[in-house]
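A.B. asks: Can you read through this structure? Questions will come right after.
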Amino acid sequence: MANRPIGGSRVVIIGTGMVGATFAYSLMINGVASEIVLIDANEERALGETADLNHGISFVRPAVVRLGDYGDCRDADVIVMTAGAAQKPGESRLDLVERNVQIFNEVIPKIVASGTNGVLVVATNPVDVMTYVTLKISGLSPERVIGSGTVLDTSRFRYLLSQHCGVDPRNVHAYIIGEHGDSEVAVWSLANIAGLRFSEYCPVCGRDCGPISKEEIFEQVRTAAYQIIKAKGATYYAIGLALVEIVETILRDEYSVLTVSTLLQGEFGLEDVALSLPSVVNRGGLVRKLNLPLTDEETAGLKKSAAVLREVLDAIHY
Ligand code: NAD
């Protein structure tokens, strides 16, 4: 086990499959981490990824990329969980739950035993369930356990809206909240471009492209993973970048607003379940969740999402 680099930041990635390896690659290019440590039950795979990444290191900012063990979590700033079974074509994220809870029962105690002070970021699906399970197994404070939640779905939503409106996706502010999955909710009522809600933006845009089909756009967001898994077996580029966004926010203490999945503690009258709301994130993890002024329909959707997730947690006795 190597010591933490002086003045640098260490990110440990557990699970170096498609998502973990793509995230490691994106993080290495991004340059925010000075040390990237890879762990996988399949050590040969992790070693192969380590070698492949290191062979490109001379093209990016210097970083240590190496195979590690759970002792490396002790001095990690962020530990990212991407280990676990992935969806097969036609499977929902919730179908994975029992297999992945078993893996987390094995892995999370090893992370905690290292004595880490880092933030745990969970990407393994079903991510909201796995975030809650991580919180319960680890006994860590809710601020330090965050799921990637609907950060990816929010990016898909912003991309599709940007395509419709012909503007840079970074100028589109719109959120997907709730479950990262079938019951997720699009917050249309607060979606805006340049501070203008869609009902105000379209008349001033002048492109006269016709009314926005909200159902069609949301359906594309909601079913994106199914379409991509059917086409190429897995999704990994966009989630890799979503994880970089979350990890960079933590390492740089950015106080960025991200739709990460965290434990609800009375927001919208909901508790004892993890799901996504726009949240301020900094070096310590979650700072605060933002209680959006949702419409009645959006609030009902969020409550339904929480009920779906609680039902799964009840079924696995959590
Ligand atoms: P993958 O099968 O390519 O990789 C999973 C890796 O986990 C494998 O390398 C495997 O050896 C490793 N692993 C399994 N058990 C382990 C254990 N006990 N300890 C350490 N490593 C272990 O899968 P993938 O495509 O990389 O997907 C990983 C997870 O990420 C899945 O649950 C998938 O559904 C999820 N995912 C989440 C999002 C999101 O938005 N949150 C997006 C895409 C995928």
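If you're wondering about the labels, chains in the structure tokens are A, B, ... by order shown, residues count from 1 in each chain, ligands from 1 in order shown.
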Can you list, as a ChimeraX atom specification, all residues belonging to segment 82-264 of chain A that DSSP tags as helix (DSSP H, G or I)?
C.D. replies: /A:93-113,127-138,142-144,151-165,169-171,188-190,198-205,214-222,224-232,237-251
A.B. asks: Create the file for the chosen residues now, containing C-alpha atoms and written as a CSV table (one decimal), in the first residue's frame.
C.D. replies:
chain,number,residue,atom,x,y,z
A,93,ARG,CA,-32.2,-1.8,-12.7
A,94,LEU,CA,-34.3,-3.2,-9.9
A,95,ASP,CA,-33.7,-6.8,-11.2
A,96,LEU,CA,-30.1,-6.5,-10.1
A,97,VAL,CA,-30.8,-5.8,-6.5
A,98,GLU,CA,-30.1,-9.1,-4.7
A,99,ARG,CA,-26.9,-9.9,-6.6
A,100,ASN,CA,-25.5,-6.4,-5.8
A,101,VAL,CA,-26.6,-6.3,-2.2
A,102,GLN,CA,-24.5,-9.5,-1.7
A,103,ILE,CA,-21.5,-7.9,-3.3
A,104,PHE,CA,-21.9,-4.8,-1.1
A,105,ASN,CA,-22.2,-6.9,2.0
A,106,GLU,CA,-18.8,-8.2,1.2
A,107,VAL,CA,-17.1,-5.0,0.0
A,108,ILE,CA,-18.5,-2.1,2.2
A,109,PRO,CA,-17.2,-3.5,5.5
A,110,LYS,CA,-13.7,-3.7,4.0
A,111,ILE,CA,-13.9,0.0,3.1
A,112,VAL,CA,-15.1,1.0,6.6
A,113,ALA,CA,-12.4,-1.2,8.2
A,127,VAL,CA,-28.2,3.1,-7.5
A,128,ASP,CA,-30.7,4.5,-5.1
A,129,VAL,CA,-31.2,1.2,-3.4
A,130,MET,CA,-27.5,0.5,-3.3
A,131,THR,CA,-26.9,4.0,-1.8
A,132,TYR,CA,-29.3,3.3,1.0
A,133,VAL,CA,-27.8,-0.2,1.5
A,134,THR,CA,-24.3,1.4,1.6
A,135,LEU,CA,-25.4,3.8,4.3
A,136,LYS,CA,-26.9,1.1,6.4
A,137,ILE,CA,-24.0,-1.4,6.1
A,138,SER,CA,-21.3,1.3,6.6
A,142,PRO,CA,-25.6,10.4,5.3
A,143,GLU,CA,-23.5,13.4,4.0
A,144,ARG,CA,-20.6,11.0,3.2
A,151,VAL,CA,-26.9,13.1,-12.5
A,152,LEU,CA,-26.7,11.0,-15.8
A,153,ASP,CA,-30.5,11.3,-16.5
A,154,THR,CA,-30.3,15.1,-15.9
A,155,SER,CA,-27.5,15.3,-18.5
A,156,ARG,CA,-29.5,13.3,-21.0
A,157,PHE,CA,-32.5,15.6,-20.4
A,158,ARG,CA,-30.3,18.7,-20.9
A,159,TYR,CA,-28.8,17.3,-24.0
A,160,LEU,CA,-32.2,16.5,-25.6
A,161,LEU,CA,-33.6,19.9,-24.7
A,162,SER,CA,-30.5,21.6,-26.1
A,163,GLN,CA,-31.0,19.7,-29.3
A,164,HIS,CA,-34.6,20.8,-29.5
A,165,CYS,CA,-33.7,24.4,-28.8
A,169,PRO,CA,-26.5,22.0,-23.2
A,170,ARG,CA,-24.7,24.0,-20.5
A,171,ASN,CA,-27.2,26.8,-20.9
A,188,TRP,CA,-40.7,20.7,-16.4
A,189,SER,CA,-42.1,23.4,-14.3
A,190,LEU,CA,-38.6,24.8,-13.4
A,198,PHE,CA,-39.9,27.1,-21.7
A,199,SER,CA,-43.3,28.8,-22.0
A,200,GLU,CA,-41.4,32.1,-22.2
A,201,TYR,CA,-38.3,30.9,-24.1
A,202,CYS,CA,-40.1,29.4,-27.2
A,203,PRO,CA,-41.8,32.7,-28.2
A,204,VAL,CA,-38.6,34.7,-27.9
A,205,CYS,CA,-36.3,32.1,-29.5
A,214,LYS,CA,-42.6,16.8,-23.4
A,215,GLU,CA,-43.7,13.2,-23.4
A,216,GLU,CA,-41.4,12.3,-26.3
A,217,ILE,CA,-38.4,13.9,-24.7
A,218,PHE,CA,-39.0,12.5,-21.3
A,219,GLU,CA,-39.6,9.0,-22.7
A,220,GLN,CA,-36.2,9.2,-24.5
A,221,VAL,CA,-34.5,10.1,-21.2
A,222,ARG,CA,-36.3,7.4,-19.2
A,224,ALA,CA,-32.1,5.7,-22.8
A,225,ALA,CA,-30.3,2.9,-20.9
A,226,TYR,CA,-32.6,0.3,-22.3
A,227,GLN,CA,-32.0,1.5,-25.9
A,228,ILE,CA,-28.2,1.7,-25.4
A,229,ILE,CA,-27.9,-1.7,-23.7
A,230,LYS,CA,-30.0,-3.2,-26.5
A,231,ALA,CA,-27.7,-1.6,-29.1
A,232,LYS,CA,-24.3,-2.1,-27.6
A,237,TYR,CA,-19.2,6.9,-21.5
A,238,ALA,CA,-21.8,9.3,-20.1
A,239,ILE,CA,-21.8,7.7,-16.6
A,240,GLY,CA,-18.0,7.8,-16.6
A,241,LEU,CA,-18.2,11.6,-17.2
A,242,ALA,CA,-21.1,12.0,-14.7
A,243,LEU,CA,-18.8,10.4,-12.1
A,244,VAL,CA,-16.0,12.7,-13.0
A,245,GLU,CA,-18.3,15.6,-12.4
A,246,ILE,CA,-19.3,14.4,-9.0
A,247,VAL,CA,-15.7,13.5,-8.0
A,248,GLU,CA,-14.3,16.8,-9.2
A,249,THR,CA,-17.0,18.7,-7.3
A,250,ILE,CA,-15.9,16.8,-4.1
A,251,LEU,CA,-12.1,17.2,-4.7
A.B. asks: Check which residues fall inside 6 Å of ligand 1 when counting only C-alpha atoms and all ligand atoms, and print them as a CSV table (one decimal) with C-alpha atoms, in the first residue's frame.
C.D. replies:
chain,number,residue,atom,x,y,z
A,14,ILE,CA,-13.9,-0.5,-6.8
A,15,GLY,CA,-15.0,-2.4,-9.8
A,16,THR,CA,-13.1,-2.0,-13.0
A,17,GLY,CA,-15.6,-3.2,-15.5
A,18,MET,CA,-17.0,-1.0,-18.3
A,19,VAL,CA,-18.2,1.8,-16.0
A,20,GLY,CA,-15.2,1.7,-13.6
A,40,ASP,CA,-11.6,-5.5,-8.6
A,41,ALA,CA,-12.5,-9.0,-7.6
A,42,ASN,CA,-11.1,-10.0,-11.0
A,82,THR,CA,-18.9,0.6,-9.6
A,83,ALA,CA,-18.6,-3.1,-8.7
A,84,GLY,CA,-21.5,-5.4,-9.4
A,85,ALA,CA,-23.7,-7.0,-11.9
A,86,ALA,CA,-25.0,-4.9,-14.8
A,87,GLN,CA,-28.3,-4.9,-16.6
A,103,ILE,CA,-21.5,-7.9,-3.3
A,123,ALA,CA,-22.8,4.1,-9.1
A,124,THR,CA,-23.8,0.4,-8.9
A,125,ASN,CA,-27.4,-0.2,-9.9
A,127,VAL,CA,-28.2,3.1,-7.5
A,148,SER,CA,-24.7,9.1,-8.8
A,152,LEU,CA,-26.7,11.0,-15.8
A,234,ALA,CA,-23.8,-1.5,-21.7
A,235,THR,CA,-23.7,2.2,-21.0
A,236,TYR,CA,-20.4,3.7,-19.8
A,239,ILE,CA,-21.8,7.7,-16.6
A.B. asks: Among segment 56-218 of chain A, which residues does DSSP mark as strand (DSSP E) when it is run on the backbone? Keep the chain and numbering as in the structure and answer as a list in words.
C.D. replies: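 For segment 56-218 of chain A, the strand (DSSP E) set is Val64, Val65, Arg66, Leu67, Val78, Ile79, Val80, Met81, Val119, Leu120, Val121, Val122, Val145, Ile146, Gly147, Val172, His173, Ile176, Ile177, Val185, Ala186, Asn192, Ile193, Leu196 and Arg197 of chain A.
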A.B. asks: How far is it from atom CA of Ser261 of chain A to atom CA of Val121 of chain A, in Å with one decimal?
C.D. replies: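 For atom CA of Ser261 of chain A relative to atom CA of Val121 of chain A, the distance reads 9.5 Å.
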A.B. asks: Need the shell around segment 275-284 of chain A: protein/DNA/RNA residues with any atom at most 7 Å away, counting only C-alpha atoms. Skip same-chain ones fewer than 4 positions apart. Format as a list in words?
C.D. replies: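 Contacts, with the query itself left out: Val119, Asp128, Arg144, Gly149, Thr150, Ile177, Gly178, Glu179, Thr249, Ile250, Leu251, Arg252, Asp253, Glu254, Tyr255, Ser256, Val257, Leu258, Thr259, Val260, Ser261, Thr262, Leu263, Arg288, Lys289 and Leu290 of chain A.
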A.B. asks: Those same residues, written as a short mmCIF file (atom, residue, chain, number, x, y, z; two decimals), in the first residue's frame with N, CA and C atoms?
C.D. replies:
data_model
loop_
_atom_site.label_atom_id
_atom_site.label_comp_id
_atom_site.auth_asym_id
_atom_site.auth_seq_id
_atom_site.Cartn_x
_atom_site.Cartn_y
_atom_site.Cartn_z
N VAL A 119 -15.29 10.32 1.03
CA VAL A 119 -16.71 10.28 0.64
C VAL A 119 -16.93 9.05 -0.23
N ASP A 128 -30.13 3.95 -6.28
CA ASP A 128 -30.75 4.53 -5.07
C ASP A 128 -30.83 3.49 -3.95
N ARG A 144 -21.81 11.62 3.79
CA ARG A 144 -20.63 11.00 3.17
C ARG A 144 -20.97 9.85 2.23
N GLY A 149 -27.14 8.71 -8.68
CA GLY A 149 -28.54 9.10 -8.82
C GLY A 149 -28.94 9.47 -10.24
N THR A 150 -29.57 10.66 -10.37
CA THR A 150 -30.04 11.08 -11.70
C THR A 150 -29.11 12.13 -12.32
N ILE A 177 -35.45 14.16 -11.26
CA ILE A 177 -35.33 13.84 -9.82
C ILE A 177 -35.98 12.49 -9.53
N GLY A 178 -35.84 12.02 -8.29
CA GLY A 178 -36.46 10.76 -7.88
C GLY A 178 -35.54 9.58 -8.11
N GLU A 179 -36.12 8.47 -8.50
CA GLU A 179 -35.35 7.24 -8.76
C GLU A 179 -34.53 7.39 -10.03
N THR A 249 -16.27 17.77 -8.18
CA THR A 249 -16.98 18.66 -7.26
C THR A 249 -16.51 18.44 -5.82
N ILE A 250 -16.31 17.17 -5.47
CA ILE A 250 -15.86 16.84 -4.10
C ILE A 250 -14.40 17.28 -3.93
N LEU A 251 -13.53 16.87 -4.84
CA LEU A 251 -12.10 17.16 -4.67
C LEU A 251 -11.81 18.66 -4.68
N ARG A 252 -12.55 19.41 -5.49
CA ARG A 252 -12.29 20.85 -5.60
C ARG A 252 -13.19 21.68 -4.69
N ASP A 253 -14.00 21.00 -3.87
CA ASP A 253 -14.83 21.71 -2.88
C ASP A 253 -15.71 22.76 -3.57
N GLU A 254 -16.39 22.32 -4.62
CA GLU A 254 -17.02 23.28 -5.54
C GLU A 254 -18.40 23.79 -5.13
N TYR A 255 -19.08 23.12 -4.23
CA TYR A 255 -20.46 23.50 -3.89
C TYR A 255 -21.35 23.51 -5.15
N SER A 256 -21.14 22.54 -6.02
CA SER A 256 -21.97 22.46 -7.24
C SER A 256 -23.32 21.84 -6.91
N VAL A 257 -24.31 22.21 -7.71
CA VAL A 257 -25.64 21.61 -7.56
C VAL A 257 -25.72 20.39 -8.49
N LEU A 258 -25.90 19.23 -7.89
CA LEU A 258 -25.95 17.98 -8.65
C LEU A 258 -27.13 17.15 -8.17
N THR A 259 -27.75 16.42 -9.08
CA THR A 259 -28.88 15.57 -8.66
C THR A 259 -28.36 14.21 -8.17
N VAL A 260 -27.62 14.26 -7.06
CA VAL A 260 -27.12 13.01 -6.48
C VAL A 260 -28.20 12.39 -5.59
N SER A 261 -28.06 11.09 -5.38
CA SER A 261 -29.00 10.35 -4.54
C SER A 261 -28.49 10.35 -3.10
N THR A 262 -29.32 10.82 -2.19
CA THR A 262 -28.93 10.82 -0.77
C THR A 262 -30.15 10.46 0.07
N LEU A 263 -29.89 10.21 1.34
CA LEU A 263 -30.96 9.82 2.26
C LEU A 263 -31.95 10.97 2.43
N ARG A 288 -26.39 20.29 1.35
CA ARG A 288 -27.83 20.42 1.58
C ARG A 288 -28.60 20.03 0.32
N LYS A 289 -29.84 19.58 0.56
CA LYS A 289 -30.73 19.29 -0.56
C LYS A 289 -31.62 20.51 -0.79
N LEU A 290 -31.99 20.74 -2.04
CA LEU A 290 -32.81 21.91 -2.35
C LEU A 290 -34.27 21.49 -2.48
#
A.B. asks: For the atom pair atom CA of Phe59 of chain A and atom CA of Glu43 of chain A, what is the interatomic distance in Å to one decimal place?
C.D. replies: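 One can read the atom CA of Phe59 of chain A to atom CA of Glu43 of chain A distance as 25.6 Å.
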A.B. asks: Atom CA of Leu264 of chain A and atom CA of Ala306 of chain A are how many Å apart?
C.D. replies: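 Spanning atom CA of Leu264 of chain A to atom CA of Ala306 of chain A is a straight-line distance of 9.3 Å.
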